[in-house]
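Colleague: I have a structure here, written as structure tokens, and I will follow up with some questions on it.
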Amino acid sequence: MDKISDIKKNLKIYNSLTGKKELFIPINKDYVGIYVCGPTVYNHLHLGNCRTFISFDLVFRYLKHLGYKVRYVRNITDVGHLESDLEDKIFKKSRLEGLEPMEIVQKYTLSFHNLLSILNVQPPSIEPRATGHIIEQIDMIQKLIKKKLAYEMNGSVYFNLKEYEKFYPYGILSKNKTNQLVNKKFKITIVEKKNPQDFSLWKKASSNHIMSWNSPWGKGFPGWHIECTVMSTKYLGETFDIHGGGIDLKFPHHECELAQSIGAYNRKSLAHYWMHTNMLTLNGKKMSKSTGNSLGINDIYSFCEKKSFSPNIFRFFILKSHYRSVMNFTKKGLIHAEKEYTKIIESINILENFNSKTLKEKNNDNFFKIFFWIKKCYESINDDFNTPLLISNLFKVSHIIRHNINEIEKCHINLLKKYMTHFVFDILGLKKEEEQKTKSSSLSDNRLSILIERLIKFRMEARKQKNWILSDRIRKELSHIGVKLHDEKLF
RNA sequence: GGCACUGUGGCCGAAUGGAAAGGCAGAGGUCUGCAAAACCUUUUAUAGCGGUUCGAUUCCGCUCUGUGCCUCCA
């Protein structure tokens, strides 16, 4: 079997910048720097947002599994992200909810952290906030002004695209060309811009705008794109390994980040590998708060008519599709995922409780080629994090465990346990149910479970007495509260 | 209008220049007080038209379809 160091050498990542799958070679051997655009904390996350963070959680976990020392930076945008009417998202929400902007930020940051923890998404190494890096953002803007790549106009500062294009190509990430960017939707034109495609680096704040800071250009606040350039380079260096985010951020957000950093540091690219996760759709359309076409984690219960729901199932559902494919969220899809997930967990339980001492030594190497299977699993993830393919390999082994575990070589049982744990829990990041149960269990839960167990015993007695009316009634009642019973042969 | 991506059974979803995974569902069966579960067996697919090739679902071109982006979006 290949050593982990050999597996490490064969990781391929699809690079949005080049449009090709490329071998992953980090800038510094054994170290990886990754930056992912985090949320603007003006609302609760919807399931589409979760998809992106789950996808990058897998990347983070896998890189660590390969032995890399990973610095994962994921920001919190708490200022500067404007709505289409040019009002700051946070500021607008604070008006609507009657709260301080920072209360909004705190409220939705907590909600964000709580949700990701439920989904077993590991926290990043650094989670910087835009408002904590105002000075650095001003510094970078000044640097761009000095290079004549930005200009001040009435207390606001804009990036000068025409000037930039004299030295560097713009649109290398999105493949857009500035002269072909026809703006049909956007009705508001900012007259003070030299060019309609110039984007804001610093915005002058109106007198009633409480989210503002002093700057060389007067009171104002930073633009949306500059925070990411500043925070990624501050913690990862002027060029780093991986930059990620949702595909909807590719243009203009990532393109602008890229232009800012190339302009400020005169580098070829901000990151070597750009990764974009595709959209989670609902009714075939992108999930989006603003159009109302979105679901939150708590909406799953009513949407899928489910009484109980393990967040693991949603995580599994997400990982069942490749991160670069569009994925449609459906009730049927989630229910399928639940069935599939249960099978895999079932096989792990069998494996964990299996006493391999009862197995006899045999020479049955052809029955299940474990080293071949492990290799296949690694090849799947190494191929641009192909989790659907990994999961299909898990199904294959899960079938063998559930039906033919006695045929497996004795000396391979522990190996299988080890790698199932690696793939299912460490890499895919599914949470062991026992952990979840102990976390959520309380006194009343314990009492309830004792009661349920008594009822099951009571029903067993009824079955022994062939009291089918009573036993069926209990089965039906228990099924209503989500306790499913499976009978086996009694006599 | 421009750019990017996509199209595989009833559904989800892999792979591949040389017999098209896996799961769910369906059908038949075993088992069973019944239902379910479980197990065994099993039907069905590469959008269309060209080109390259001994051979294309895979590579190339065109058409069609769907999605995303084009200054709110993960």
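By order of appearance in the structure tokens: chains A, B, ..., then residues from 1 within every chain, and ligands from 1 in the order shown.
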Taking only C-alpha atoms (C1' of nucleotides) into account, which residues of chain A are within 7 Å of chain B, as a PDB file with C-alpha atoms, in the first residue's frame?
Modeller:
```
ATOM      1  CA  GLY A  48     -26.765  26.891   0.442  1.00  0.00           C
ATOM      2  CA  ASN A  49     -24.310  28.818   2.600  1.00  0.00           C
ATOM      3  CA  THR A  52     -19.804  25.926   0.928  1.00  0.00           C
ATOM      4  CA  LEU A  82     -23.534  46.832   0.227  1.00  0.00           C
ATOM      5  CA  GLU A  83     -27.033  45.991  -0.949  1.00  0.00           C
ATOM      6  CA  SER A  84     -28.097  46.849  -4.498  1.00  0.00           C
ATOM      7  CA  LYS A 175     -12.688  35.330 -18.101  1.00  0.00           C
ATOM      8  CA  ASN A 176     -14.757  38.486 -18.349  1.00  0.00           C
ATOM      9  CA  GLN A 180     -18.097  43.239 -22.643  1.00  0.00           C
ATOM     10  CA  LEU A 181     -19.517  43.718 -19.210  1.00  0.00           C
ATOM     11  CA  VAL A 182     -22.916  45.073 -20.101  1.00  0.00           C
ATOM     12  CA  ASN A 183     -24.762  46.172 -17.070  1.00  0.00           C
ATOM     13  CA  GLY A 245     -15.597  30.569  -1.894  1.00  0.00           C
ATOM     14  CA  GLY A 246     -18.944  30.115  -3.564  1.00  0.00           C
ATOM     15  CA  ASP A 248     -21.266  33.332  -7.140  1.00  0.00           C
ATOM     16  CA  PHE A 251     -17.164  37.749 -10.153  1.00  0.00           C
ATOM     17  CA  PRO A 252     -16.900  40.488  -9.150  1.00  0.00           C
ATOM     18  CA  SER A 288     -30.970  32.961  -2.004  1.00  0.00           C
ATOM     19  CA  GLY A 333     -33.037  13.420  -1.903  1.00  0.00           C
ATOM     20  CA  HIS A 336     -32.590   8.822   0.308  1.00  0.00           C
ATOM     21  CA  GLU A 340     -27.866   5.455   2.715  1.00  0.00           C
ATOM     22  CA  PRO A 388     -19.450  10.886  -4.221  1.00  0.00           C
ATOM     23  CA  LEU A 389     -16.916   8.402  -5.472  1.00  0.00           C
ATOM     24  CA  SER A 392     -19.688   4.719  -3.366  1.00  0.00           C
ATOM     25  CA  PHE A 395     -21.129   1.473   0.185  1.00  0.00           C
ATOM     26  CA  HIS A 486     -37.985  -4.266  13.548  1.00  0.00           C
TER      27      HIS A 486
END
```
Colleague: For A:Asn278, list every protein, DNA or RNA residue within 8 Å, evaluated using only C-alpha atoms (C1' of nucleotides), and leave out those in the same chain fewer than 3 positions away; present the list as a ChimeraX atom specification.
Modeller: /A:52,246-247,323-327
Colleague: Based on the selection just made, write C-alpha atoms of those residues as a compact mmCIF listing (two decimals), in the first residue's frame.
Modeller:
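out_32.txt, written as the output of this step:
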```
# COMPACT_ATOMS: atom_id res chain seq x y z
CA THR A 52 -19.80 25.93 0.93
CA GLY A 246 -18.94 30.11 -3.56
CA ILE A 247 -19.00 30.28 -7.35
CA TYR A 323 -18.59 20.31 -4.74
CA ARG A 324 -18.34 21.67 -8.30
CA SER A 325 -21.74 20.31 -9.39
CA VAL A 326 -25.01 22.09 -8.97
CA MET A 327 -27.04 20.27 -6.36
```
Colleague: So which residues touch A:Tyr419 within 9 Å, counting only C-alpha atoms (C1' of nucleotides), skipping near sequence neighbours fewer than 5 positions away, as JSON, numbers by chain?
Modeller: {"A": [374, 414, 424]}
Colleague: May I have the selected residues written with C-alpha atoms, as a tab-separated table (two decimals), in the first residue's frame?
Modeller:
```tsv
chain	number	residue	atom	x	y	z
A	374	ILE	CA	-8.02	1.72	0.66
A	414	ASN	CA	-8.62	-3.84	12.53
A	424	VAL	CA	-16.25	8.45	7.59
```
Colleague: Which residues are near stretch 5-13 of chain A? Cut-off 12 Å, only C-alpha atoms (C1' of nucleotides), ignore same chain within fewer than 3 positions. Put them as a PyMOL selection string.
Modeller: chain A and resi 1-2+16-26+29-30+59+62-68+241-244+272-276+323-324+374-386
Colleague: Write down as JSON, numbers by chain the residues belonging to stretch 209-420 of chain A that are assigned strand (DSSP E or B) by DSSP computed on the backbone.
Modeller: {"A": [213, 220, 221, 222, 240, 241, 242, 243, 244, 245, 246, 271, 272, 273, 274, 275, 276, 277, 280, 281, 282, 285, 286, 288, 293, 327, 328, 329, 383]}
Colleague: Can you work out the spacing between atom CA of A:Thr40 and atom CA of A:Leu119 in Å, to one decimal?
Modeller: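 Going from atom CA of A:Thr40 over to atom CA of A:Leu119, I get 19.0 Å.
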Colleague: Excluding B:U58 and any residue of its chain fewer than 6 positions from it, enumerate the residues within 12 Å of it, using only C-alpha atoms (C1' of nucleotides), and give them as a PyMOL selection string.
Modeller: chain B and resi 8+15-18+20+46
Colleague: Which residue is closest to A:Ala205? Choose from A:Ile300, A:Val70, A:Val157, A:Leu96 and count only C-alpha atoms.
Modeller: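 Among the listed residues, the smallest separation from A:Ala205 belongs to A:Val157.
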